[in-house]
Amino acid sequence: MTYNKKRTLSYGVILISVLLAYFCRQVRTENVFMRNLADQCRSCIYLGMYCAWVIYLGKHVVHKKTRRCLTAIGCLMVFWFFVRTVKFHIFHDPLGEHICWYLYYIPMILIPVLGLAAAMFLGEKEEEKTVRKVIILLTVAAILIVSVLTNDLHQMVFRFSKQPPFSDKDYSYGIVFMVIQGWILICLTGMEIILIRKSKIPGKKQFWLPVIPGILLLGWNIGNILRLPFIKIIAGDMTAVCCLLMAAIFQGCILCGLIQTNNRYFELFQTSGGLDAEITDHSFQRYYHSGDFPELSSELRRIIIDRSSVQEQGIRINHIPIRGGHLFWSEDISVLLDQYQDIREQQEELTARNRLLQKAYQKEAERRKTEEQNRLLNMIQNQTAGQLELLSQFMNELERTESREQYDRILGKIVVVGTYLKRRKNLVLTQYASDGNLLTMEDLRQSLAESCDSLKLCRIRAAYYVENVDVQMNADDILKCYDTFEWLVERLVDTMQSVFYRVSQIDDTLRISVHIVSEADLRGFMSERPELKVQQEDENEWFIRCIVFRKRGGR
């Protein structure tokens, strides 16, 4: 059955129910039992209608807060009819009927307020402001309700000419009653205006649907206040008329789309192209389906619920829980699986290629490292070629000598030259390991310390002093200082008795100062190095100085 047929059938049932209830009201038999039975049937019809309407609102109204307000309105209508039934069929004393009559005004005042609140909550942007406005409306409604319930104390709503107990058969209207009627009119009118303004329907051509029952309610209210005779004959039951017309106002808003509902599930599922899905209850009984959704066993459905999704033969079946049951839908992911397989194969190929590139990079890095090591070794060998040749001469002399004293002296020279080779190689490697081609004065101090210590084997007293050991200098200048020390030692190892080697930095100048005790005339030895300035201080004492650089290098 299509949605339009279902809707027509539903409204047909409602119309028949209303006509049947109206027929029951027209029963004027003298039989009390039949008259009470007809009135009870009428009450049951209306109570059943409004209970069904509450269920309908709870299931179909989309907006959460609007749904709550409308559901509360339906419950108030049920409460109104319940109070009416109690008044006419249970309480037969004037006081009980009087209290029930006042209780009518609780739903009568709250229903328009909740309707206005429902309209205000639709499409709200600033929730806190809307909530504050609704609280103000409910506060005003509460004041009006209290004024009705306490009317016997002040009689500003209804005035009575007789003494208590007061009856609703003899009264007149007070100023507060007019305020209540104006309040109801303002709330209902404001509700329809807000709904029409917030409506997203193009053209809003059907907004008159809720207006018609609103006009009828206004006309009935005016006629009832004026106590027109035909109003009492045609529509004398205030509860039935007010509830029916107010429900028609809200249902009219739903029909014309001013209040959005989620209807037409079956048509939605059937017309949703490409969507294979179904909705079931908790026992997996199918209610709606679309497309070619497969038949599933209960065991498989429970597995899908536990895992959220199950994949079989390229079809993935998904699940989400919904109110009252489950939603299952299927997706054909075979194309995605093929693409995933292609991507996986490409990933494996790229991984293998990456491993090959990584190995090639490692080999290239090892080759470059070996080349750099060979380059450094060749450079060190070229820079120390003279010392290597000197070591070769010392080894030949060591093999030819027969004197123990001469043997020890040559061995000491070998140690001195070997110490220089070791320390100079360390300085070069440190130079290339550091950033900026720099060495510290501490590196020079350690090299001089080891070389001076080795001179003891040649019976030469050696001392040194290096200034500002924490200062970084140009590596070439540090090497020049150490090379100068080694050159002096190699030239004077057979003639000097002691040596004091001093390296100092004064402003931007690096200076070498050497004090040597030797019986030989050093001026002849120094002719090879004109930058070394020789000065004789005493008979066997010589002072040598040299400026390594001026205004270069840095701290």
# chains A, B, ... in the order shown; residues from 1 in each chain; ligands from 1
call {"tool": "residues_around", "arguments": {"residues": "Ala117 (chain A)", "least_positions_apart": "6", "cutoff": "10 Å", "atoms": "only C-alpha atoms", "output": "PyMOL selection string"}}
result
chain A and resi 65-66+69-70+111+130-131+133-135+137-138+187+190-191
call {"tool": "write_last_selection", "arguments": {"atoms": "all heavy atoms", "output": "mmCIF file, in the first residue's frame"}}
result
data_model
loop_
_atom_site.group_PDB
_atom_site.id
_atom_site.type_symbol
_atom_site.label_atom_id
_atom_site.label_comp_id
_atom_site.auth_asym_id
_atom_site.auth_seq_id
_atom_site.Cartn_x
_atom_site.Cartn_y
_atom_site.Cartn_z
ATOM 1 N N LYS A 65 13.486 18.571 20.078
ATOM 2 C CA LYS A 65 12.800 19.411 21.062
ATOM 3 C C LYS A 65 11.367 19.707 20.623
ATOM 4 O O LYS A 65 10.459 19.771 21.462
ATOM 5 C CB LYS A 65 13.583 20.699 21.272
ATOM 6 C CG LYS A 65 14.925 20.459 21.949
ATOM 7 C CD LYS A 65 15.674 21.748 22.195
ATOM 8 C CE LYS A 65 16.999 21.469 22.884
ATOM 9 N NZ LYS A 65 17.780 22.702 23.123
ATOM 10 N N THR A 66 11.165 19.896 19.339
ATOM 11 C CA THR A 66 9.806 20.077 18.833
ATOM 12 C C THR A 66 8.970 18.834 19.097
ATOM 13 O O THR A 66 7.800 18.918 19.482
ATOM 14 C CB THR A 66 9.849 20.392 17.328
ATOM 15 O OG1 THR A 66 10.642 21.568 17.113
ATOM 16 C CG2 THR A 66 8.457 20.622 16.782
ATOM 17 N N CYS A 69 7.860 18.790 22.699
ATOM 18 C CA CYS A 69 6.773 19.737 22.965
ATOM 19 C C CYS A 69 5.436 19.210 22.441
ATOM 20 O O CYS A 69 4.404 19.267 23.138
ATOM 21 C CB CYS A 69 7.096 21.096 22.337
ATOM 22 S SG CYS A 69 8.495 21.960 23.096
ATOM 23 N N LEU A 70 5.434 18.682 21.219
ATOM 24 C CA LEU A 70 4.196 18.175 20.636
ATOM 25 C C LEU A 70 3.696 16.942 21.382
ATOM 26 O O LEU A 70 2.482 16.754 21.561
ATOM 27 C CB LEU A 70 4.402 17.858 19.157
ATOM 28 C CG LEU A 70 4.687 19.068 18.259
ATOM 29 C CD1 LEU A 70 4.915 18.614 16.824
ATOM 30 C CD2 LEU A 70 3.551 20.072 18.317
ATOM 31 N N ILE A 111 -1.136 24.193 26.336
ATOM 32 C CA ILE A 111 -1.045 23.697 24.958
ATOM 33 C C ILE A 111 -0.592 24.788 23.998
ATOM 34 O O ILE A 111 0.332 24.584 23.195
ATOM 35 C CB ILE A 111 -2.385 23.066 24.529
ATOM 36 C CG1 ILE A 111 -2.567 21.713 25.230
ATOM 37 C CG2 ILE A 111 -2.428 22.862 23.011
ATOM 38 C CD1 ILE A 111 -3.925 21.073 24.998
ATOM 39 N N THR A 130 16.792 30.814 23.249
ATOM 40 C CA THR A 130 15.485 30.190 23.043
ATOM 41 C C THR A 130 14.979 29.564 24.332
ATOM 42 O O THR A 130 13.793 29.685 24.678
ATOM 43 C CB THR A 130 15.576 29.135 21.929
ATOM 44 O OG1 THR A 130 16.113 29.737 20.746
ATOM 45 C CG2 THR A 130 14.212 28.552 21.630
ATOM 46 N N VAL A 131 15.862 28.883 25.047
ATOM 47 C CA VAL A 131 15.463 28.252 26.310
ATOM 48 C C VAL A 131 15.005 29.314 27.305
ATOM 49 O O VAL A 131 14.007 29.130 28.023
ATOM 50 C CB VAL A 131 16.633 27.420 26.876
ATOM 51 C CG1 VAL A 131 16.315 26.948 28.291
ATOM 52 C CG2 VAL A 131 16.907 26.222 25.983
ATOM 53 N N LYS A 133 13.667 32.216 26.619
ATOM 54 C CA LYS A 133 12.349 32.704 26.187
ATOM 55 C C LYS A 133 11.243 31.710 26.553
ATOM 56 O O LYS A 133 10.157 32.105 27.000
ATOM 57 C CB LYS A 133 12.358 32.948 24.683
ATOM 58 C CG LYS A 133 13.263 34.100 24.246
ATOM 59 C CD LYS A 133 13.266 34.234 22.728
ATOM 60 C CE LYS A 133 14.196 35.366 22.278
ATOM 61 N NZ LYS A 133 14.261 35.485 20.793
ATOM 62 N N VAL A 134 11.524 30.411 26.361
ATOM 63 C CA VAL A 134 10.525 29.391 26.690
ATOM 64 C C VAL A 134 10.255 29.374 28.190
ATOM 65 O O VAL A 134 9.105 29.211 28.636
ATOM 66 C CB VAL A 134 11.005 28.014 26.193
ATOM 67 C CG1 VAL A 134 10.089 26.902 26.702
ATOM 68 C CG2 VAL A 134 11.056 27.986 24.671
ATOM 69 N N ILE A 135 11.302 29.554 28.989
ATOM 70 C CA ILE A 135 11.117 29.597 30.452
ATOM 71 C C ILE A 135 10.221 30.776 30.837
ATOM 72 O O ILE A 135 9.348 30.664 31.717
ATOM 73 C CB ILE A 135 12.488 29.688 31.155
ATOM 74 C CG1 ILE A 135 13.249 28.361 30.980
ATOM 75 C CG2 ILE A 135 12.320 29.995 32.634
ATOM 76 C CD1 ILE A 135 14.668 28.393 31.520
ATOM 77 N N LEU A 137 7.897 32.137 28.921
ATOM 78 C CA LEU A 137 6.536 31.772 28.516
ATOM 79 C C LEU A 137 5.890 30.817 29.522
ATOM 80 O O LEU A 137 4.714 30.979 29.892
ATOM 81 C CB LEU A 137 6.571 31.133 27.125
ATOM 82 C CG LEU A 137 6.956 32.039 25.944
ATOM 83 C CD1 LEU A 137 7.075 31.218 24.668
ATOM 84 C CD2 LEU A 137 5.934 33.151 25.759
ATOM 85 N N LEU A 138 6.640 29.815 29.963
ATOM 86 C CA LEU A 138 6.094 28.857 30.931
ATOM 87 C C LEU A 138 5.809 29.524 32.270
ATOM 88 O O LEU A 138 4.854 29.148 32.969
ATOM 89 C CB LEU A 138 7.074 27.689 31.104
ATOM 90 C CG LEU A 138 7.234 26.769 29.887
ATOM 91 C CD1 LEU A 138 8.320 25.732 30.134
ATOM 92 C CD2 LEU A 138 5.910 26.067 29.568
ATOM 93 N N CYS A 187 -0.357 33.220 21.560
ATOM 94 C CA CYS A 187 0.539 32.061 21.422
ATOM 95 C C CYS A 187 0.253 31.291 20.133
ATOM 96 O O CYS A 187 1.190 30.921 19.396
ATOM 97 C CB CYS A 187 0.402 31.142 22.634
ATOM 98 S SG CYS A 187 1.080 31.817 24.162
ATOM 99 N N GLY A 190 1.269 33.506 17.149
ATOM 100 C CA GLY A 190 2.733 33.561 17.078
ATOM 101 C C GLY A 190 3.335 32.257 16.601
ATOM 102 O O GLY A 190 4.309 32.245 15.830
ATOM 103 N N MET A 191 2.734 31.139 17.013
ATOM 104 C CA MET A 191 3.237 29.834 16.570
ATOM 105 C C MET A 191 3.131 29.700 15.050
ATOM 106 O O MET A 191 4.102 29.303 14.383
ATOM 107 C CB MET A 191 2.436 28.729 17.259
ATOM 108 C CG MET A 191 2.834 27.321 16.837
ATOM 109 S SD MET A 191 1.618 26.081 17.294
ATOM 110 C CE MET A 191 0.306 26.456 16.124
#
call {"tool": "residues_around", "arguments": {"residues": "region 45-54 of chain A", "least_positions_apart": "6", "cutoff": "10 Å", "atoms": "only C-alpha atoms", "output": "list in words"}}
result
Val13, Ile14, Ser17, Val18, Leu20, Ala21, Asp39, Arg67, Leu70, Thr71, Ala72, Ile73, Gly74, Cys75, Leu76, Met77, Val78, Phe79, Trp80, Phe81, Phe82, Ala240, Cys243, Leu244, Ala247 and Gln251 of chain A
call {"tool": "closest_residue", "arguments": {"among": "A:Asp470, A:Leu114, A:Lys456, A:His89", "to": "Arg35 (chain A)", "atoms": "only C-alpha atoms"}}
result
A:His89
call {"tool": "residues_around", "arguments": {"residues": "Val534 (chain A)", "least_positions_apart": "6", "cutoff": "10 Å", "atoms": "only C-alpha atoms", "output": "CSV table (one decimal) with all heavy atoms, in the first residue's frame"}}
result
chain,number,residue,atom,x,y,z
A,514,VAL,N,110.5,29.6,21.5
A,514,VAL,CA,111.2,28.4,21.9
A,514,VAL,C,112.5,28.8,22.6
A,514,VAL,O,113.3,29.6,22.1
A,514,VAL,CB,111.5,27.5,20.6
A,514,VAL,CG1,112.1,26.2,21.0
A,514,VAL,CG2,110.2,27.3,19.8
A,515,HIS,N,112.7,28.2,23.7
A,515,HIS,CA,114.0,28.4,24.5
A,515,HIS,C,114.7,27.0,24.4
A,515,HIS,O,114.2,26.0,24.9
A,515,HIS,CB,113.7,28.8,25.9
A,515,HIS,CG,114.9,29.1,26.7
A,515,HIS,ND1,115.7,28.2,27.4
A,515,HIS,CD2,115.6,30.3,26.8
A,515,HIS,CE1,116.7,28.7,27.9
A,515,HIS,NE2,116.7,30.0,27.6
A,522,LEU,N,123.0,27.6,16.5
A,522,LEU,CA,121.7,27.3,15.8
A,522,LEU,C,121.4,28.1,14.6
A,522,LEU,O,120.5,27.8,13.9
A,522,LEU,CB,120.5,27.4,16.9
A,522,LEU,CG,120.6,26.5,18.1
A,522,LEU,CD1,119.3,26.7,18.9
A,522,LEU,CD2,120.8,25.1,17.7
A,523,ARG,N,122.2,29.2,14.5
A,523,ARG,CA,121.9,30.1,13.3
A,523,ARG,C,122.1,29.4,12.0
A,523,ARG,O,121.4,29.6,11.0
A,523,ARG,CB,122.7,31.3,13.4
A,523,ARG,CG,122.2,32.3,14.5
A,523,ARG,CD,123.1,33.4,14.7
A,523,ARG,NE,124.4,33.0,15.3
A,523,ARG,CZ,125.1,33.7,16.1
A,523,ARG,NH1,124.8,35.0,16.3
A,523,ARG,NH2,126.3,33.3,16.6
A,524,GLY,N,123.0,28.4,12.0
A,524,GLY,CA,123.2,27.7,10.8
A,524,GLY,C,122.1,26.7,10.5
A,524,GLY,O,121.7,26.5,9.3
A,525,PHE,N,121.5,26.1,11.6
A,525,PHE,CA,120.4,25.2,11.4
A,525,PHE,C,119.1,25.9,10.9
A,525,PHE,O,118.3,25.3,10.2
A,525,PHE,CB,120.1,24.5,12.7
A,525,PHE,CG,121.2,23.5,13.1
A,525,PHE,CD1,122.1,23.8,14.0
A,525,PHE,CD2,121.2,22.2,12.5
A,525,PHE,CE1,123.1,22.9,14.4
A,525,PHE,CE2,122.2,21.3,12.8
A,525,PHE,CZ,123.2,21.6,13.8
A,526,MET,N,119.0,27.2,11.3
A,526,MET,CA,117.7,27.9,11.1
A,526,MET,C,117.7,28.5,9.7
A,526,MET,O,116.7,29.2,9.3
A,526,MET,CB,117.5,29.0,12.1
A,526,MET,CG,117.3,28.4,13.6
A,526,MET,SD,115.9,27.3,13.8
A,526,MET,CE,116.8,25.8,14.1
A,527,SER,N,118.8,28.4,8.9
A,527,SER,CA,118.8,29.1,7.6
A,527,SER,C,117.7,28.5,6.7
A,527,SER,O,117.3,29.2,5.7
A,527,SER,CB,120.2,28.9,7.0
A,527,SER,OG,120.5,27.5,6.8
A,542,TRP,N,119.6,29.6,23.5
A,542,TRP,CA,119.1,30.2,22.3
A,542,TRP,C,117.6,30.4,22.4
A,542,TRP,O,116.9,29.6,23.0
A,542,TRP,CB,119.4,29.3,21.1
A,542,TRP,CG,120.9,29.0,20.9
A,542,TRP,CD1,121.6,28.0,21.5
A,542,TRP,CD2,121.7,29.7,20.1
A,542,TRP,NE1,122.9,28.1,21.1
A,542,TRP,CE2,123.0,29.1,20.2
A,542,TRP,CE3,121.6,30.9,19.2
A,542,TRP,CZ2,124.1,29.6,19.5
A,542,TRP,CZ3,122.7,31.3,18.5
A,542,TRP,CH2,124.0,30.7,18.7
A,543,PHE,N,117.2,31.5,21.8
A,543,PHE,CA,115.7,31.9,21.9
A,543,PHE,C,115.2,32.0,20.4
A,543,PHE,O,115.8,32.8,19.6
A,543,PHE,CB,115.5,33.2,22.6
A,543,PHE,CG,114.1,33.6,22.7
A,543,PHE,CD1,113.2,32.9,23.5
A,543,PHE,CD2,113.6,34.6,21.9
A,543,PHE,CE1,111.8,33.3,23.6
A,543,PHE,CE2,112.2,35.0,21.9
A,543,PHE,CZ,111.4,34.3,22.8
A,544,ILE,N,114.2,31.2,20.1
A,544,ILE,CA,113.7,31.2,18.7
A,544,ILE,C,112.2,31.7,18.8
A,544,ILE,O,111.4,31.2,19.7
A,544,ILE,CB,113.8,29.8,18.1
A,544,ILE,CG1,115.2,29.4,18.1
A,544,ILE,CG2,113.2,29.8,16.7
A,544,ILE,CD1,115.3,27.9,17.6
A,545,ARG,N,111.8,32.6,17.9
A,545,ARG,CA,110.4,33.0,17.9
A,545,ARG,C,109.9,33.0,16.5
A,545,ARG,O,110.7,33.1,15.5
A,545,ARG,CB,110.3,34.4,18.5
A,545,ARG,CG,110.9,35.5,17.8
A,545,ARG,CD,110.7,36.8,18.5
A,545,ARG,NE,111.3,38.0,17.8
A,545,ARG,CZ,112.6,38.3,17.8
A,545,ARG,NH1,113.4,37.7,18.5
A,545,ARG,NH2,113.0,39.4,17.1
A,546,CYS,N,108.6,32.9,16.4
A,546,CYS,CA,107.9,32.8,15.1
A,546,CYS,C,106.5,33.3,15.2
A,546,CYS,O,105.8,33.0,16.2
A,546,CYS,CB,108.0,31.4,14.5
A,546,CYS,SG,107.0,31.2,13.0
call {"tool": "residues_around", "arguments": {"residues": "region 491-501 of chain A", "least_positions_apart": "5", "cutoff": "8 Å", "atoms": "only C-alpha atoms", "output": "PyMOL selection string"}}
result
chain A and resi 413+458-465+485+512-520+525
call {"tool": "select_by_dssp", "arguments": {"residues": "region 376-550 of chain A", "states": "strand (DSSP E)", "output": "ChimeraX atom specification"}}
result
/A:438-440,461-466,472-474,496-506,509-518,533-536,541-550
call {"tool": "atom_distance", "arguments": {"atom1": "CA of Leu532 (chain A)", "atom2": "CA of Leu438 (chain A)"}}
result
24.7 Å
call {"tool": "closest_residue", "arguments": {"among": "A:Phe158, A:Tyr482, A:Phe394, A:Phe121", "to": "Leu427 (chain A)", "atoms": "only C-alpha atoms"}}
result
A:Tyr482
call {"tool": "select_by_dssp", "arguments": {"residues": "region 317-489 of chain A", "states": "alpha helix (DSSP H)", "output": "JSON, numbers by chain"}}
result
{"A": [334, 335, 336, 337, 338, 339, 340, 341, 342, 343, 344, 345, 346, 347, 348, 349, 350, 351, 352, 353, 354, 355, 356, 357, 358, 359, 360, 361, 362, 363, 364, 365, 366, 367, 368, 369, 370, 371, 372, 373, 374, 375, 376, 377, 378, 379, 380, 381, 382, 383, 385, 386, 387, 388, 389, 390, 391, 392, 393, 394, 395, 396, 397, 398, 399, 400, 404, 405, 406, 407, 408, 409, 410, 411, 412, 413, 414, 415, 416, 417, 418, 419, 420, 421, 422, 423, 424, 425, 426, 427, 428, 429, 430, 431, 432, 433, 441, 442, 443, 444, 445, 446, 447, 448, 449, 450, 451, 452, 453, 454, 475, 476, 477, 478, 479, 480, 481, 482, 483, 484, 485, 486, 487, 488, 489]}
call {"tool": "atom_distance", "arguments": {"atom1": "CA of Val62 (chain A)", "atom2": "CA of Thr261 (chain A)"}}
result
5.1 Å
call {"tool": "residues_around", "arguments": {"residues": "Leu245 (chain A)", "least_positions_apart": "5", "cutoff": "10 Å", "atoms": "only C-alpha atoms", "output": "list in words"}}
result
Pro210, Ile212, Pro213, Gly214, Ile215, Leu216, Leu217, Leu218, Trp220, Ala240, Phe250 and Gln251 of chain A
call {"tool": "closest_residue", "arguments": {"among": "A:Glu405, A:Asp237, A:Glu366, A:Glu528", "to": "Arg25 (chain A)", "atoms": "only C-alpha atoms"}}
result
A:Asp237
call {"tool": "atom_distance", "arguments": {"atom1": "CA of Leu122 (chain A)", "atom2": "CA of Ile186 (chain A)"}}
result
18.5 Å
call {"tool": "residues_around", "arguments": {"residues": "Arg423 (chain A)", "least_positions_apart": "2", "cutoff": "10 Å", "atoms": "only C-alpha atoms", "output": "PDB file with N, CA, C and O atoms, in the first residue's frame"}}
result
ATOM      1  N   GLY A 418     107.809   8.419  15.633  1.00  0.00           N
ATOM      2  CA  GLY A 418     106.559   7.652  15.625  1.00  0.00           C
ATOM      3  C   GLY A 418     105.449   8.342  16.409  1.00  0.00           C
ATOM      4  O   GLY A 418     104.277   8.327  16.001  1.00  0.00           O
ATOM      5  N   THR A 419     105.846   8.965  17.522  1.00  0.00           N
ATOM      6  CA  THR A 419     104.848   9.721  18.309  1.00  0.00           C
ATOM      7  C   THR A 419     104.281  10.871  17.491  1.00  0.00           C
ATOM      8  O   THR A 419     103.075  11.129  17.493  1.00  0.00           O
ATOM      9  N   TYR A 420     105.156  11.550  16.779  1.00  0.00           N
ATOM     10  CA  TYR A 420     104.694  12.662  15.937  1.00  0.00           C
ATOM     11  C   TYR A 420     103.703  12.153  14.875  1.00  0.00           C
ATOM     12  O   TYR A 420     102.659  12.770  14.628  1.00  0.00           O
ATOM     13  N   LEU A 421     104.055  11.017  14.211  1.00  0.00           N
ATOM     14  CA  LEU A 421     103.170  10.484  13.173  1.00  0.00           C
ATOM     15  C   LEU A 421     101.793  10.140  13.736  1.00  0.00           C
ATOM     16  O   LEU A 421     100.753  10.429  13.121  1.00  0.00           O
ATOM     17  N   LYS A 425      98.396  12.336  12.760  1.00  0.00           N
ATOM     18  CA  LYS A 425      97.273  11.656  12.137  1.00  0.00           C
ATOM     19  C   LYS A 425      95.989  11.911  12.928  1.00  0.00           C
ATOM     20  O   LYS A 425      94.926  12.178  12.349  1.00  0.00           O
ATOM     21  N   ASN A 426      96.051  11.885  14.250  1.00  0.00           N
ATOM     22  CA  ASN A 426      94.874  12.166  15.076  1.00  0.00           C
ATOM     23  C   ASN A 426      94.352  13.592  14.857  1.00  0.00           C
ATOM     24  O   ASN A 426      93.146  13.832  14.807  1.00  0.00           O
ATOM     25  N   LEU A 427      95.294  14.535  14.725  1.00  0.00           N
ATOM     26  CA  LEU A 427      94.883  15.921  14.495  1.00  0.00           C
ATOM     27  C   LEU A 427      94.163  16.058  13.155  1.00  0.00           C
ATOM     28  O   LEU A 427      93.155  16.769  13.039  1.00  0.00           O
ATOM     29  N   VAL A 428      94.661  15.403  12.127  1.00  0.00           N
ATOM     30  CA  VAL A 428      94.028  15.484  10.806  1.00  0.00           C
ATOM     31  C   VAL A 428      92.641  14.868  10.839  1.00  0.00           C
ATOM     32  O   VAL A 428      91.667  15.426  10.301  1.00  0.00           O
ATOM     33  N   LEU A 429      92.506  13.694  11.477  1.00  0.00           N
ATOM     34  CA  LEU A 429      91.192  13.047  11.553  1.00  0.00           C
ATOM     35  C   LEU A 429      90.209  13.870  12.369  1.00  0.00           C
ATOM     36  O   LEU A 429      89.028  13.978  12.021  1.00  0.00           O
ATOM     37  N   ASP A 443      93.805  20.324  21.670  1.00  0.00           N
ATOM     38  CA  ASP A 443      94.340  19.275  20.799  1.00  0.00           C
ATOM     39  C   ASP A 443      95.849  19.439  20.616  1.00  0.00           C
ATOM     40  O   ASP A 443      96.605  18.454  20.643  1.00  0.00           O
ATOM     41  N   LEU A 444      96.304  20.686  20.438  1.00  0.00           N
ATOM     42  CA  LEU A 444      97.745  20.952  20.309  1.00  0.00           C
ATOM     43  C   LEU A 444      98.470  20.622  21.596  1.00  0.00           C
ATOM     44  O   LEU A 444      99.571  20.041  21.566  1.00  0.00           O
ATOM     45  N   GLN A 446      97.737  18.399  23.937  1.00  0.00           N
ATOM     46  CA  GLN A 446      97.876  16.959  24.116  1.00  0.00           C
ATOM     47  C   GLN A 446      98.966  16.386  23.210  1.00  0.00           C
ATOM     48  O   GLN A 446      99.739  15.497  23.615  1.00  0.00           O
ATOM     49  N   SER A 447      99.034  16.879  21.987  1.00  0.00           N
ATOM     50  CA  SER A 447     100.081  16.403  21.057  1.00  0.00           C
ATOM     51  C   SER A 447     101.462  16.769  21.562  1.00  0.00           C
ATOM     52  O   SER A 447     102.398  15.946  21.550  1.00  0.00           O
ATOM     53  N   LEU A 448     101.647  18.024  22.001  1.00  0.00           N
ATOM     54  CA  LEU A 448     102.952  18.452  22.533  1.00  0.00           C
ATOM     55  C   LEU A 448     103.317  17.681  23.795  1.00  0.00           C
ATOM     56  O   LEU A 448     104.495  17.352  24.011  1.00  0.00           O
ATOM     57  N   GLU A 450     102.599  14.555  24.592  1.00  0.00           N
ATOM     58  CA  GLU A 450     103.083  13.214  24.265  1.00  0.00           C
ATOM     59  C   GLU A 450     104.456  13.277  23.589  1.00  0.00           C
ATOM     60  O   GLU A 450     105.335  12.434  23.861  1.00  0.00           O
ATOM     61  N   SER A 451     104.659  14.269  22.714  1.00  0.00           N
ATOM     62  CA  SER A 451     105.964  14.385  22.048  1.00  0.00           C
ATOM     63  C   SER A 451     107.057  14.748  23.037  1.00  0.00           C
ATOM     64  O   SER A 451     108.185  14.214  22.972  1.00  0.00           O
ATOM     65  N   TYR A 482     102.481  22.449  15.477  1.00  0.00           N
ATOM     66  CA  TYR A 482     103.016  21.135  15.824  1.00  0.00           C
ATOM     67  C   TYR A 482     104.123  20.718  14.849  1.00  0.00           C
ATOM     68  O   TYR A 482     105.128  20.110  15.252  1.00  0.00           O
TER      69      TYR A 482
END
call {"tool": "residues_around", "arguments": {"residues": "Arg301 (chain A)", "least_positions_apart": "5", "cutoff": "9 Å", "atoms": "only C-alpha atoms", "output": "list in words"}}
result
Phe284, Leu296, Asp306, His319 and Phe328 of chain A
call {"tool": "write_last_selection", "arguments": {"atoms": "C-alpha atoms", "output": "PDB file, in the first residue's frame"}}
result
ATOM      1  CA  PHE A 284      14.962  -9.674  12.692  1.00  0.00           C
ATOM      2  CA  LEU A 296      20.411 -13.511   5.902  1.00  0.00           C
ATOM      3  CA  ASP A 306      28.812  -7.898  16.972  1.00  0.00           C
ATOM      4  CA  HIS A 319      24.726  -2.632  10.472  1.00  0.00           C
ATOM      5  CA  PHE A 328      21.285  -3.525   7.523  1.00  0.00           C
TER       6      PHE A 328
END
